[in-house]
file coords_36.tsv (TSV, C-alpha atoms (C1' of nucleotides))
chain	number	residue	atom	x	y	z
A	1	MET	CA	0.00	0.00	0.00
A	2	ALA	CA	1.27	3.44	-0.78
A	3	LEU	CA	0.16	6.99	-0.24
A	4	ASP	CA	-0.03	9.14	-3.30
A	5	HIS	CA	0.92	12.46	-1.75
A	6	ARG	CA	-0.18	14.59	-4.63
A	7	LYS	CA	-3.65	13.15	-4.78
A	8	LYS	CA	-4.00	12.32	-1.10
A	9	GLU	CA	-5.19	8.83	-1.84
A	10	TYR	CA	-4.17	5.53	-0.38
A	11	ILE	CA	-3.66	3.20	-3.27
A	12	CYS	CA	-2.85	-0.48	-3.15
A	13	LYS	CA	0.30	-0.81	-5.20
A	14	SER	CA	-0.50	-4.22	-6.57
A	15	CYS	CA	-4.05	-3.76	-7.73
A	16	GLY	CA	-4.63	-0.02	-7.89
A	17	LEU	CA	-7.53	-0.09	-5.49
A	18	VAL	CA	-8.13	3.14	-3.66
A	19	ILE	CA	-8.18	2.19	-0.02
A	20	ASP	CA	-9.04	5.51	1.48
A	21	LYS	CA	-9.59	8.92	0.04
A	22	GLY	CA	-8.38	11.15	2.82
A	23	ARG	CA	-9.72	14.32	1.39
A	24	ILE	CA	-12.94	15.73	0.07
A	25	ASP	CA	-12.91	16.57	-3.62
A	26	ARG	CA	-13.33	20.34	-3.75
A	27	GLY	CA	-13.34	20.58	-7.49
A	28	PRO	CA	-16.38	21.71	-9.41
A	29	ASP	CA	-19.34	19.43	-9.25
A	30	TRP	CA	-19.19	17.89	-12.65
A	31	ARG	CA	-22.84	17.10	-12.99
A	32	SER	CA	-25.58	18.94	-14.76
A	33	PHE	CA	-28.62	18.97	-12.60
A	34	SER	CA	-31.96	18.90	-14.28
A	35	GLU	CA	-33.81	22.08	-15.03
A	36	ASP	CA	-36.42	21.69	-12.35
A	37	ASP	CA	-34.13	22.14	-9.37
A	38	GLY	CA	-32.67	25.50	-10.14
A	39	SER	CA	-31.10	25.79	-6.72
A	40	GLN	CA	-28.47	23.18	-7.53
A	41	LYS	CA	-26.35	25.24	-9.90
A	42	ARG	CA	-22.65	24.69	-9.26
A	43	VAL	CA	-19.47	26.29	-10.45
A	44	GLY	CA	-17.88	25.60	-13.78
A	45	SER	CA	-19.06	24.41	-17.08
A	46	PRO	CA	-22.40	22.89	-16.07
A	47	VAL	CA	-23.85	26.35	-15.53
A	48	THR	CA	-23.19	27.51	-19.04
A	49	ASN	CA	-24.48	24.23	-20.29
A	50	THR	CA	-27.73	24.29	-18.47
A	51	ARG	CA	-28.28	27.97	-19.01
A	52	HIS	CA	-27.23	28.19	-22.59
A	53	ASP	CA	-29.77	26.03	-24.34
A	54	LYS	CA	-32.57	24.42	-22.44
A	55	GLY	CA	-33.73	22.57	-25.47
A	56	LEU	CA	-34.97	25.85	-26.89
A	57	SER	CA	-32.29	26.28	-29.49
A	58	THR	CA	-33.08	28.12	-32.69
A	59	GLN	CA	-31.96	27.56	-36.21
A	60	ILE	CA	-31.44	30.10	-38.94
A	61	GLY	CA	-33.40	29.16	-42.01
A	62	TRP	CA	-31.57	28.37	-45.20
A	63	GLN	CA	-33.82	30.48	-47.42
A	64	ASN	CA	-32.31	33.87	-47.90
A	65	ARG	CA	-35.53	35.72	-47.33
A	66	ASP	CA	-36.60	38.15	-44.70
A	67	ALA	CA	-39.69	37.94	-42.52
A	68	ASN	CA	-41.85	39.23	-45.32
A	69	GLY	CA	-40.64	36.71	-47.82
A	70	ASN	CA	-38.54	39.13	-49.82
A	71	THR	CA	-35.13	38.02	-51.00
A	72	LEU	CA	-32.20	39.57	-49.21
A	73	SER	CA	-29.59	41.85	-50.65
A	74	SER	CA	-26.24	40.29	-51.38
A	75	THR	CA	-24.60	41.91	-48.36
A	76	GLN	CA	-27.41	40.62	-46.18
A	77	LYS	CA	-27.03	37.16	-47.67
A	78	ARG	CA	-23.37	37.10	-46.74
A	79	LYS	CA	-24.19	38.30	-43.27
A	80	MET	CA	-26.77	35.58	-42.78
A	81	GLY	CA	-24.34	33.01	-44.08
A	82	ARG	CA	-21.85	34.02	-41.43
A	83	LEU	CA	-24.50	33.92	-38.75
A	84	ARG	CA	-25.58	30.47	-39.82
A	85	LYS	CA	-22.06	29.26	-39.65
A	86	TRP	CA	-21.49	30.57	-36.16
A	87	ASP	CA	-24.86	29.50	-34.88
A	88	ASN	CA	-24.09	26.05	-36.12
A	89	ARG	CA	-20.69	26.08	-34.50
A	90	PHE	CA	-22.04	27.11	-31.14
A	91	GLN	CA	-24.65	24.43	-31.26
A	92	THR	CA	-22.28	21.61	-32.16
A	93	GLU	CA	-19.80	22.81	-29.55
A	94	ASP	CA	-22.63	22.78	-27.11
A	95	SER	CA	-23.78	19.27	-27.94
A	96	LYS	CA	-20.24	17.98	-27.73
A	97	ASP	CA	-19.94	19.62	-24.37
A	98	ARG	CA	-23.11	18.02	-23.16
A	99	ASN	CA	-21.99	14.66	-24.45
A	100	LEU	CA	-18.66	14.99	-22.71
A	101	LYS	CA	-20.17	16.02	-19.44
A	102	ASN	CA	-22.57	13.13	-19.52
A	103	ALA	CA	-19.78	10.69	-20.27
A	104	LEU	CA	-17.35	12.04	-17.72
A	105	GLY	CA	-20.06	11.85	-15.12
A	106	GLU	CA	-20.61	8.22	-15.95
A	107	ILE	CA	-16.90	7.47	-15.91
A	108	SER	CA	-16.65	9.08	-12.54
A	109	ARG	CA	-19.63	7.18	-11.20
A	110	MET	CA	-18.35	3.81	-12.39
A	111	ALA	CA	-14.84	4.53	-11.21
A	112	SER	CA	-15.91	5.23	-7.67
A	113	ALA	CA	-18.23	2.24	-7.67
A	114	LEU	CA	-15.22	0.09	-8.51
A	115	GLY	CA	-12.87	2.00	-6.22
A	116	LEU	CA	-10.53	3.05	-9.01
A	117	SER	CA	-7.83	5.64	-8.57
A	118	GLU	CA	-7.96	9.21	-9.74
A	119	GLN	CA	-5.24	8.45	-12.22
A	120	ILE	CA	-7.35	5.81	-13.92
A	121	ARG	CA	-10.30	8.15	-13.99
A	122	GLU	CA	-8.27	10.83	-15.67
A	123	THR	CA	-6.86	8.39	-18.19
A	124	ALA	CA	-10.36	7.24	-19.03
A	125	SER	CA	-11.46	10.83	-19.48
A	126	VAL	CA	-8.62	11.53	-21.87
A	127	ILE	CA	-9.47	8.43	-23.87
A	128	TYR	CA	-13.09	9.47	-24.08
A	129	ARG	CA	-12.17	12.97	-25.26
A	130	GLN	CA	-10.06	11.45	-27.98
A	131	CYS	CA	-12.97	9.30	-29.07
A	132	LEU	CA	-15.10	12.40	-29.27
A	133	ASP	CA	-12.48	14.35	-31.20
A	134	GLN	CA	-12.00	11.57	-33.69
A	135	ASN	CA	-15.70	11.02	-34.23
A	136	LEU	CA	-15.74	7.48	-32.94
A	137	LEU	CA	-19.07	7.99	-31.24
A	138	PRO	CA	-21.50	7.59	-34.15
A	139	GLY	CA	-23.09	4.17	-34.00
A	140	ARG	CA	-22.15	3.67	-30.38
A	141	SER	CA	-23.76	4.74	-27.16
A	142	ILE	CA	-22.20	7.29	-24.86
A	143	GLU	CA	-22.38	4.89	-21.96
A	144	GLY	CA	-20.80	2.16	-24.04
A	145	VAL	CA	-17.83	4.27	-25.03
A	146	ALA	CA	-17.51	5.58	-21.49
A	147	THR	CA	-17.42	2.06	-20.09
A	148	ALA	CA	-14.94	0.96	-22.72
A	149	SER	CA	-12.74	3.99	-21.99
A	150	LEU	CA	-12.63	3.09	-18.34
A	151	TYR	CA	-11.86	-0.53	-19.08
A	152	ILE	CA	-8.99	0.47	-21.34
A	153	ALA	CA	-7.75	2.99	-18.79
A	154	CYS	CA	-7.55	0.27	-16.17
A	155	ARG	CA	-5.39	-1.82	-18.42
A	156	GLN	CA	-3.24	1.11	-19.46
A	157	CYS	CA	-2.67	2.01	-15.84
A	158	ASN	CA	-1.55	-1.50	-15.10
A	159	SER	CA	-4.38	-2.45	-12.80
A	160	PRO	CA	-6.70	-4.33	-15.10
A	161	ARG	CA	-10.28	-5.27	-14.33
A	162	SER	CA	-12.00	-8.08	-16.14
A	163	LEU	CA	-14.87	-7.25	-18.45
A	164	GLU	CA	-17.28	-8.92	-16.06
A	165	GLU	CA	-16.40	-6.52	-13.31
A	166	PHE	CA	-17.96	-3.72	-15.29
A	167	TYR	CA	-21.28	-5.48	-15.81
A	168	PRO	CA	-22.78	-4.48	-12.47
A	169	VAL	CA	-21.74	-0.83	-12.73
A	170	SER	CA	-22.27	0.00	-16.39
A	171	ARG	CA	-25.68	1.14	-17.46
A	172	ILE	CA	-25.36	-0.39	-20.92
A	173	VAL	CA	-25.17	-3.85	-19.45
A	174	ASP	CA	-28.53	-5.15	-18.36
A	175	GLY	CA	-27.90	-8.32	-16.43
A	176	GLU	CA	-25.10	-10.83	-16.60
A	177	SER	CA	-25.88	-13.04	-19.54
A	178	PRO	CA	-23.28	-13.16	-22.31
A	179	GLY	CA	-26.02	-12.66	-24.86
A	180	ASP	CA	-26.81	-9.27	-23.37
A	181	PRO	CA	-26.67	-6.71	-26.18
A	182	GLY	CA	-24.95	-4.30	-23.82
A	183	VAL	CA	-22.20	-6.80	-23.17
A	184	LYS	CA	-21.69	-7.28	-26.88
A	185	GLU	CA	-21.52	-3.57	-27.51
A	186	PHE	CA	-19.05	-3.21	-24.66
A	187	THR	CA	-16.58	-5.76	-26.00
A	188	ARG	CA	-17.01	-4.60	-29.57
A	189	THR	CA	-16.51	-0.97	-28.58
A	190	TYR	CA	-13.40	-1.40	-26.48
A	191	LYS	CA	-11.67	-3.28	-29.26
A	192	TYR	CA	-12.74	-0.72	-31.81
A	193	ILE	CA	-11.59	2.37	-29.97
A	194	SER	CA	-8.32	0.85	-28.80
A	195	LYS	CA	-7.59	0.06	-32.41
A	196	GLU	CA	-8.69	3.43	-33.76
A	197	LEU	CA	-6.73	5.34	-31.14
A	198	GLY	CA	-3.71	3.13	-31.71
A	199	LEU	CA	-3.48	2.10	-28.07
A	200	LYS	CA	-1.27	-0.80	-27.32
A	201	MET	CA	-3.20	-3.38	-25.36
A	202	GLU	CA	-0.86	-6.01	-24.08
A	203	PRO	CA	-2.41	-9.20	-22.78
A	204	VAL	CA	-3.22	-9.00	-19.12
A	205	LYS	CA	-0.81	-10.79	-16.84
A	206	PRO	CA	-2.71	-13.23	-14.62
A	207	GLU	CA	-0.63	-12.11	-11.65
A	208	LYS	CA	-2.47	-8.82	-11.78
A	209	TYR	CA	-5.66	-10.49	-10.65
A	210	ILE	CA	-4.21	-12.50	-7.81
A	211	ASN	CA	-4.34	-9.97	-5.02
A	212	ARG	CA	-7.88	-8.87	-5.65
A	213	PHE	CA	-9.23	-12.36	-6.13
A	214	VAL	CA	-7.52	-13.61	-3.00
A	215	ASN	CA	-8.92	-10.67	-1.11
A	216	ARG	CA	-12.41	-11.59	-2.18
A	217	ILE	CA	-11.94	-15.08	-0.83
A	218	ASP	CA	-10.26	-13.69	2.27
A	219	PRO	CA	-8.52	-16.84	3.51
A	220	GLU	CA	-6.36	-17.18	6.61
A	221	ASN	CA	-2.91	-16.47	5.24
A	222	LYS	CA	-3.81	-14.48	2.20
A	223	GLU	CA	-0.35	-13.01	1.66
A	224	ASP	CA	1.22	-16.46	1.44
A	225	ILE	CA	-1.51	-17.74	-0.84
A	226	ALA	CA	-1.13	-14.81	-3.17
A	227	ASN	CA	2.61	-15.14	-3.17
A	228	VAL	CA	2.63	-18.82	-3.99
A	229	ALA	CA	-0.03	-18.31	-6.64
A	230	LYS	CA	2.17	-15.74	-8.36
A	231	HIS	CA	5.09	-18.10	-8.29
A	232	LEU	CA	2.99	-20.81	-9.87
A	233	ILE	CA	1.91	-18.50	-12.63
A	234	SER	CA	5.44	-17.58	-13.54
A	235	LEU	CA	6.25	-21.29	-13.61
A	236	ALA	CA	3.30	-21.91	-15.89
A	237	ARG	CA	4.45	-19.11	-18.14
A	238	GLU	CA	7.81	-20.77	-18.61
A	239	GLU	CA	6.03	-23.90	-19.74
A	240	ASN	CA	3.78	-21.93	-22.09
A	241	LEU	CA	0.75	-23.25	-20.35
A	242	HIS	CA	-1.02	-19.95	-20.29
A	243	SER	CA	-1.26	-19.03	-23.94
A	244	GLY	CA	-4.78	-18.96	-25.23
A	245	LYS	CA	-6.30	-19.30	-21.79
A	246	SER	CA	-8.06	-16.45	-20.13
A	247	PRO	CA	-5.87	-14.68	-17.56
A	248	THR	CA	-8.59	-14.78	-14.94
A	249	SER	CA	-8.81	-18.56	-15.29
A	250	ILE	CA	-5.06	-18.93	-14.89
A	251	ALA	CA	-5.22	-16.78	-11.79
A	252	ALA	CA	-8.09	-18.84	-10.42
A	253	GLY	CA	-6.25	-22.11	-10.97
A	254	ALA	CA	-3.11	-20.79	-9.38
A	255	ILE	CA	-4.98	-19.56	-6.33
A	256	TYR	CA	-6.70	-22.88	-5.79
A	257	SER	CA	-3.45	-24.71	-6.28
A	258	ALA	CA	-1.73	-22.42	-3.82
A	259	GLY	CA	-4.45	-23.17	-1.33
A	260	LEU	CA	-3.75	-26.89	-1.61
A	261	ILE	CA	-0.01	-26.42	-1.33
A	262	LEU	CA	-0.37	-24.39	1.83
A	263	ASP	CA	-2.97	-26.74	3.29
A	264	ASN	CA	-5.58	-24.06	3.21
A	265	ASN	CA	-9.14	-25.11	2.81
A	266	ILE	CA	-10.18	-22.92	-0.07
A	267	THR	CA	-12.91	-24.50	-2.13
A	268	GLN	CA	-13.13	-24.51	-5.88
A	269	ARG	CA	-16.44	-22.75	-5.69
A	270	GLU	CA	-14.98	-19.87	-3.71
A	271	VAL	CA	-12.23	-19.39	-6.24
A	272	ALA	CA	-14.61	-19.74	-9.14
A	273	ASP	CA	-16.92	-17.09	-7.72
A	274	ALA	CA	-14.07	-14.72	-6.96
A	275	ALA	CA	-12.67	-15.05	-10.47
A	276	ASN	CA	-15.96	-15.12	-12.36
A	277	ALA	CA	-15.18	-18.55	-13.73
A	278	SER	CA	-16.78	-21.96	-13.51
A	279	GLN	CA	-15.64	-24.72	-11.20
A	280	VAL	CA	-14.72	-26.85	-14.18
A	281	THR	CA	-12.40	-24.19	-15.45
A	282	VAL	CA	-10.79	-23.84	-12.05
A	283	ARG	CA	-10.20	-27.58	-12.02
A	284	ASN	CA	-8.72	-27.72	-15.48
A	285	ARG	CA	-6.36	-24.83	-14.88
A	286	TYR	CA	-5.27	-25.91	-11.47
A	287	LYS	CA	-4.45	-29.44	-12.65
A	288	GLU	CA	-2.01	-28.08	-15.19
A	289	VAL	CA	-0.36	-25.87	-12.63
A	290	ALA	CA	-0.25	-28.62	-10.03
A	291	GLN	CA	1.40	-30.91	-12.56
A	292	ILE	CA	4.29	-28.52	-12.91
A	293	TYR	CA	4.56	-28.04	-9.20
A	294	ASP	CA	4.64	-31.77	-8.50
A	295	ASN	CA	7.55	-32.25	-10.87
A	296	LEU	CA	9.64	-29.81	-8.89
A	297	SER	CA	12.33	-30.90	-6.48
A	298	GLU	CA	11.71	-30.51	-2.78
A	299	ALA	CA	14.22	-27.69	-2.65
A	300	GLU	CA	12.44	-25.79	-5.37
A	301	LYS	CA	9.10	-26.31	-3.64
A	302	LYS	CA	10.56	-24.87	-0.46
A	303	ILE	CA	11.71	-21.80	-2.31
A	304	ILE	CA	8.27	-21.20	-3.68
A	305	LYS	CA	6.64	-21.61	-0.31
A	306	THR	CA	9.02	-19.43	1.63
A	307	SER	CA	10.36	-16.70	-0.64
A	308	PRO	CA	9.08	-13.25	0.24
A	309	PRO	CA	6.78	-11.25	-2.00
A	310	SER	CA	9.59	-8.98	-3.09
A	311	ALA	CA	11.16	-11.89	-4.92
A	312	VAL	CA	8.21	-12.03	-7.24
A	313	ASP	CA	8.39	-9.55	-10.03
A	314	ILE	CA	4.87	-8.34	-10.10
B	1	DA	C1'	-18.87	-18.04	-42.46
B	2	DT	C1'	-15.56	-21.47	-40.62
B	3	DG	C1'	-12.85	-24.23	-37.80
B	4	DG	C1'	-10.19	-24.68	-33.67
B	5	DT	C1'	-9.95	-23.66	-28.90
B	6	DT	C1'	-11.64	-22.46	-24.43
B	7	DT	C1'	-15.42	-22.12	-21.22
B	8	DT	C1'	-19.81	-23.30	-19.45
B	9	DT	C1'	-23.64	-26.19	-18.38
B	10	DA	C1'	-25.47	-30.25	-16.64
B	11	DC	C1'	-25.02	-34.59	-14.91
B	12	DT	C1'	-22.45	-38.37	-12.94
B	13	DG	C1'	-20.11	-41.20	-9.06
B	14	DC	C1'	-17.03	-41.21	-5.06
B	15	DG	C1'	-15.49	-40.23	-0.44
B	16	DT	C1'	-16.10	-37.68	3.93
B	17	DC	C1'	-18.25	-35.27	7.65
C	1	DG	C1'	-28.08	-36.34	3.37
C	2	DA	C1'	-24.92	-32.37	2.30
C	3	DC	C1'	-20.74	-31.15	0.64
C	4	DG	C1'	-16.45	-30.96	-1.92
C	5	DC	C1'	-14.15	-32.99	-5.64
C	6	DG	C1'	-13.28	-35.22	-10.15
C	7	DG	C1'	-14.62	-36.56	-14.66
C	8	DT	C1'	-17.34	-36.24	-18.91
C	9	DA	C1'	-20.15	-34.79	-23.05
C	10	DA	C1'	-22.40	-31.46	-25.42
C	11	DA	C1'	-23.44	-26.67	-26.04
C	12	DA	C1'	-21.94	-22.08	-26.07
C	13	DA	C1'	-18.72	-18.48	-26.51
C	14	DC	C1'	-14.48	-16.84	-28.32
C	15	DC	C1'	-10.95	-15.88	-31.72
C	16	DA	C1'	-8.31	-15.69	-35.91
C	17	DT	C1'	-8.86	-16.34	-40.55
call {"tool": "encode", "arguments": {"input": "coords_36.tsv", "output": "structure tokens"}}
result
Amino acid sequence: MALDHRKKEYICKSCGLVIDKGRIDRGPDWRSFSEDDGSQKRVGSPVTNTRHDKGLSTQIGWQNRDANGNTLSSTQKRKMGRLRKWDNRFQTEDSKDRNLKNALGEISRMASALGLSEQIRETASVIYRQCLDQNLLPGRSIEGVATASLYIACRQCNSPRSLEEFYPVSRIVDGESPGDPGVKEFTRTYKYISKELGLKMEPVKPEKYINRFVNRIDPENKEDIANVAKHLISLAREENLHSGKSPTSIAAGAIYSAGLILDNNITQREVADAANASQVTVRNRYKEVAQIYDNLSEAEKKIIKTSPPSAVDI
DNA sequence: ATGGTTTTTACTGCGTC
DNA sequence: GACGCGGTAAAAACCAT
């Protein structure tokens, strides 16, 4: 655990979870409150947004005629052309602004629901702005792109969350089933924008999930379990047993295996639930890992069981 | 679309408490 | 009997092509 002095947040170094926010956020309230509670106006951009155009925007007609239907003089035509242009500009700026505010609000909401750090939140915001600037929104929902931005931000900031972890907090996802249209949009969108923005998305290292999954199970000697599990994963990596498999499954198998090695009574169901996997998958992964472990010499097994966390490069 | 791989679902028997 | 575990087959989901 480490204290980020600049942000005044306690952040778990291994998983990026914000343990405690020691300070109240005194920044502008980044929400636009609805029109009917006028007392809730806050500082910053939301005011201009809510005041500027309450759905009562006007458009300048394209016919170059005055109110009486007469055609305009050429100088008047040019003037109206300029006005049209600027009116249009203000309106599109305004709609972009509204879009952004909506999205950033959602990012913020999801981030605090998941306990993500300020850094991740900011990264997600930057990603979303880039999507907006590069016109990646058409055909996709704001919430979908916002969720995808946050998912990518987590991976960029080296504290990945699985896709499933976003299901309960994202408003595009309605339920848990894989067939959920929101789920499909989510996965499609994150791939699309990471590609369009040219973001490098390295495969997630299973070790990254260990600490959080173990914490969900909350066994007796969780540090030892996590440590051994990480060792097992690096062993599996040397044997190329992890390619093609989902990182969360590898993590789950390693955790269960570590529980057996340390004579801890963790059940397969507990691990499966913590890792959002099935018991069968936990079994299959753990058998492979256990195979490797069994072939080790006693001395090597000792090393794995006793070496401190600092010896593990994760 | 297709084929190969992984994951899930559902069901089974076995041993233990 | 309930529970954890192991195995299996078929379906579903996933991924690269």
call {"tool": "closest_residue", "arguments": {"input": "coords_36.tsv", "among": "A:Arg269, A:Lys230, A:Arg285, A:Lys191", "to": "chain C", "atoms": "all atoms listed in the file"}}
result
A:Arg269
call {"tool": "closest_residue", "arguments": {"input": "coords_36.tsv", "among": "A:Lys245, A:Val271, A:Leu150, A:Lys195", "to": "chain B", "atoms": "all atoms listed in the file"}}
result
A:Lys245
call {"tool": "closest_atom_pairs", "arguments": {"input": "coords_36.tsv", "of": "chain A", "to": "chain C", "cutoff": "12 Å", "atoms": "all atoms listed in the file", "output": "Markdown table"}}
result
| residue | atom | partner | partner_atom | distance |
| --- | --- | --- | --- | --- |
| A:Ser177 | CA | C:DA13 | C1' | 11.4 |
| A:Pro178 | CA | C:DA13 | C1' | 8.2 |
| A:Gly179 | CA | C:DA13 | C1' | 9.5 |
| A:Lys184 | CA | C:DA13 | C1' | 11.6 |
| A:Thr187 | CA | C:DC14 | C1' | 11.5 |
| A:Gly244 | CA | C:DC15 | C1' | 9.5 |
| A:Lys245 | CA | C:DC14 | C1' | 10.8 |
| A:Ser246 | CA | C:DC14 | C1' | 10.4 |
| A:Asn265 | CA | C:DG4 | C1' | 10.5 |
| A:Ile266 | CA | C:DG4 | C1' | 10.4 |
| A:Thr267 | CA | C:DG4 | C1' | 7.4 |
| A:Gln268 | CA | C:DG4 | C1' | 8.3 |
| A:Arg269 | CA | C:DG4 | C1' | 9.0 |
| A:Glu270 | CA | C:DG4 | C1' | 11.3 |
| A:Gln279 | CA | C:DC5 | C1' | 10.1 |
| A:Val280 | CA | C:DG6 | C1' | 9.4 |
| A:Val282 | CA | C:DC5 | C1' | 11.7 |
| A:Arg283 | CA | C:DG6 | C1' | 8.4 |
| A:Asn284 | CA | C:DG6 | C1' | 10.3 |
| A:Lys287 | CA | C:DG6 | C1' | 10.8 |
call {"tool": "interface_residues", "arguments": {"input": "coords_36.tsv", "of": "chain B", "to": "chain A", "cutoff": "10 Å", "atoms": "all atoms listed in the file", "output": "ChimeraX atom specification"}}
result
/B:5-9
call {"tool": "axis_aligned_box", "arguments": {"input": "coords_36.tsv", "around": "stretch 191-201 of chain A", "padding_each_side": "8 Å", "output": "AutoDock Vina command-line options"}}
result
--center_x -7.0 --center_y 1.0 --center_z -29.6 --size_x 27.5 --size_y 24.7 --size_z 24.4
call {"tool": "decode", "arguments": {"input": "coords_36.tsv", "residues": "chain B", "atoms": "N, CA and C atoms (P, O5', C5', C4', C3', O3' and C1' of nucleotides)", "output": "tab-separated table (two decimals), in the first residue's frame"}}
result
chain	number	residue	atom	x	y	z
B	1	DA	P	-21.87	-14.41	-42.85
B	1	DA	O5'	-21.30	-15.88	-42.71
B	1	DA	C5'	-21.95	-17.05	-43.12
B	1	DA	C4'	-20.89	-17.99	-43.62
B	1	DA	C3'	-20.80	-19.31	-42.89
B	1	DA	O3'	-20.31	-20.32	-43.77
B	1	DA	C1'	-18.87	-18.04	-42.46
B	2	DT	P	-20.11	-21.81	-43.15
B	2	DT	O5'	-18.65	-21.77	-42.57
B	2	DT	C5'	-17.56	-21.54	-43.44
B	2	DT	C4'	-16.30	-22.03	-42.77
B	2	DT	C3'	-16.51	-23.25	-41.88
B	2	DT	O3'	-15.50	-24.21	-42.12
B	2	DT	C1'	-15.56	-21.47	-40.62
B	3	DG	P	-15.67	-25.67	-41.56
B	3	DG	O5'	-14.40	-25.71	-40.62
B	3	DG	C5'	-13.17	-25.18	-41.09
B	3	DG	C4'	-12.23	-25.01	-39.90
B	3	DG	C3'	-12.23	-26.20	-38.93
B	3	DG	O3'	-10.90	-26.43	-38.50
B	3	DG	C1'	-12.85	-24.23	-37.80
B	4	DG	P	-10.56	-27.69	-37.66
B	4	DG	O5'	-9.85	-27.05	-36.39
B	4	DG	C5'	-8.87	-26.02	-36.58
B	4	DG	C4'	-8.60	-25.34	-35.25
B	4	DG	C3'	-8.52	-26.29	-34.05
B	4	DG	O3'	-7.45	-25.89	-33.21
B	4	DG	C1'	-10.19	-24.68	-33.67
B	5	DT	P	-7.05	-26.79	-31.98
B	5	DT	O5'	-7.47	-25.90	-30.73
B	5	DT	C5'	-6.97	-24.57	-30.61
B	5	DT	C4'	-7.75	-23.83	-29.56
B	5	DT	C3'	-7.83	-24.54	-28.21
B	5	DT	O3'	-7.17	-23.77	-27.22
B	5	DT	C1'	-9.95	-23.66	-28.90
B	6	DT	P	-7.02	-24.34	-25.74
B	6	DT	O5'	-8.16	-23.53	-24.98
B	6	DT	C5'	-8.19	-22.12	-25.10
B	6	DT	C4'	-9.49	-21.57	-24.53
B	6	DT	C3'	-9.77	-21.97	-23.07
B	6	DT	O3'	-10.10	-20.81	-22.34
B	6	DT	C1'	-11.64	-22.46	-24.43
B	7	DT	P	-10.28	-20.87	-20.78
B	7	DT	O5'	-11.86	-20.94	-20.62
B	7	DT	C5'	-12.67	-19.89	-21.14
B	7	DT	C4'	-14.14	-20.22	-20.97
B	7	DT	C3'	-14.51	-20.68	-19.55
B	7	DT	O3'	-15.49	-19.81	-19.03
B	7	DT	C1'	-15.42	-22.12	-21.22
B	8	DT	P	-16.12	-20.04	-17.61
B	8	DT	O5'	-17.52	-20.74	-17.99
B	8	DT	C5'	-18.34	-20.13	-18.97
B	8	DT	C4'	-19.55	-20.99	-19.27
B	8	DT	C3'	-20.31	-21.47	-18.02
B	8	DT	O3'	-21.67	-21.16	-18.18
B	8	DT	C1'	-19.81	-23.30	-19.45
B	9	DT	P	-22.62	-21.25	-16.93
B	9	DT	O5'	-23.54	-22.50	-17.26
B	9	DT	C5'	-24.02	-22.67	-18.59
B	9	DT	C4'	-24.53	-24.09	-18.77
B	9	DT	C3'	-25.26	-24.66	-17.55
B	9	DT	O3'	-26.54	-25.13	-17.95
B	9	DT	C1'	-23.64	-26.19	-18.38
B	10	DA	P	-27.61	-25.46	-16.85
B	10	DA	O5'	-27.55	-27.05	-16.85
B	10	DA	C5'	-27.50	-27.74	-18.08
B	10	DA	C4'	-27.16	-29.21	-17.82
B	10	DA	C3'	-27.77	-29.76	-16.53
B	10	DA	O3'	-28.44	-30.97	-16.81
B	10	DA	C1'	-25.47	-30.25	-16.64
B	11	DC	P	-29.37	-31.65	-15.72
B	11	DC	O5'	-28.58	-33.00	-15.46
B	11	DC	C5'	-28.05	-33.70	-16.58
B	11	DC	C4'	-26.93	-34.63	-16.13
B	11	DC	C3'	-27.23	-35.38	-14.82
B	11	DC	O3'	-27.27	-36.77	-15.05
B	11	DC	C1'	-25.02	-34.59	-14.91
B	12	DT	P	-27.68	-37.74	-13.83
B	12	DT	O5'	-26.28	-38.42	-13.45
B	12	DT	C5'	-25.61	-39.27	-14.38
B	12	DT	C4'	-24.18	-39.51	-13.93
B	12	DT	C3'	-24.05	-40.11	-12.55
B	12	DT	O3'	-24.08	-41.54	-12.64
B	12	DT	C1'	-22.45	-38.37	-12.94
B	13	DG	P	-24.39	-42.36	-11.32
B	13	DG	O5'	-22.96	-42.53	-10.67
B	13	DG	C5'	-21.87	-43.00	-11.45
B	13	DG	C4'	-20.58	-42.84	-10.67
B	13	DG	C3'	-20.58	-43.51	-9.29
B	13	DG	O3'	-19.34	-44.16	-9.09
B	13	DG	C1'	-20.11	-41.20	-9.06
B	14	DC	P	-19.17	-45.13	-7.86
B	14	DC	O5'	-18.15	-44.34	-6.93
B	14	DC	C5'	-16.98	-43.76	-7.50
B	14	DC	C4'	-16.30	-42.91	-6.45
B	14	DC	C3'	-16.39	-43.50	-5.04
B	14	DC	O3'	-15.09	-43.65	-4.50
B	14	DC	C1'	-17.03	-41.21	-5.06
B	15	DG	P	-14.86	-44.54	-3.19
B	15	DG	O5'	-14.61	-43.45	-2.07
B	15	DG	C5'	-13.47	-42.60	-2.14
B	15	DG	C4'	-13.66	-41.44	-1.19
B	15	DG	C3'	-13.88	-41.86	0.27
B	15	DG	O3'	-12.84	-41.27	1.06
B	15	DG	C1'	-15.49	-40.23	-0.44
B	16	DT	P	-12.81	-41.55	2.63
B	16	DT	O5'	-13.48	-40.23	3.23
B	16	DT	C5'	-13.09	-38.96	2.72
B	16	DT	C4'	-13.82	-37.85	3.46
B	16	DT	C3'	-14.01	-38.09	4.95
B	16	DT	O3'	-13.72	-36.91	5.66
B	16	DT	C1'	-16.10	-37.68	3.93
B	17	DC	P	-13.34	-37.00	7.24
B	17	DC	O5'	-14.44	-36.07	7.89
B	17	DC	C5'	-14.71	-34.79	7.34
B	17	DC	C4'	-16.13	-34.36	7.73
B	17	DC	C3'	-16.49	-34.70	9.17
B	17	DC	O3'	-16.55	-33.52	9.95
B	17	DC	C1'	-18.25	-35.27	7.65
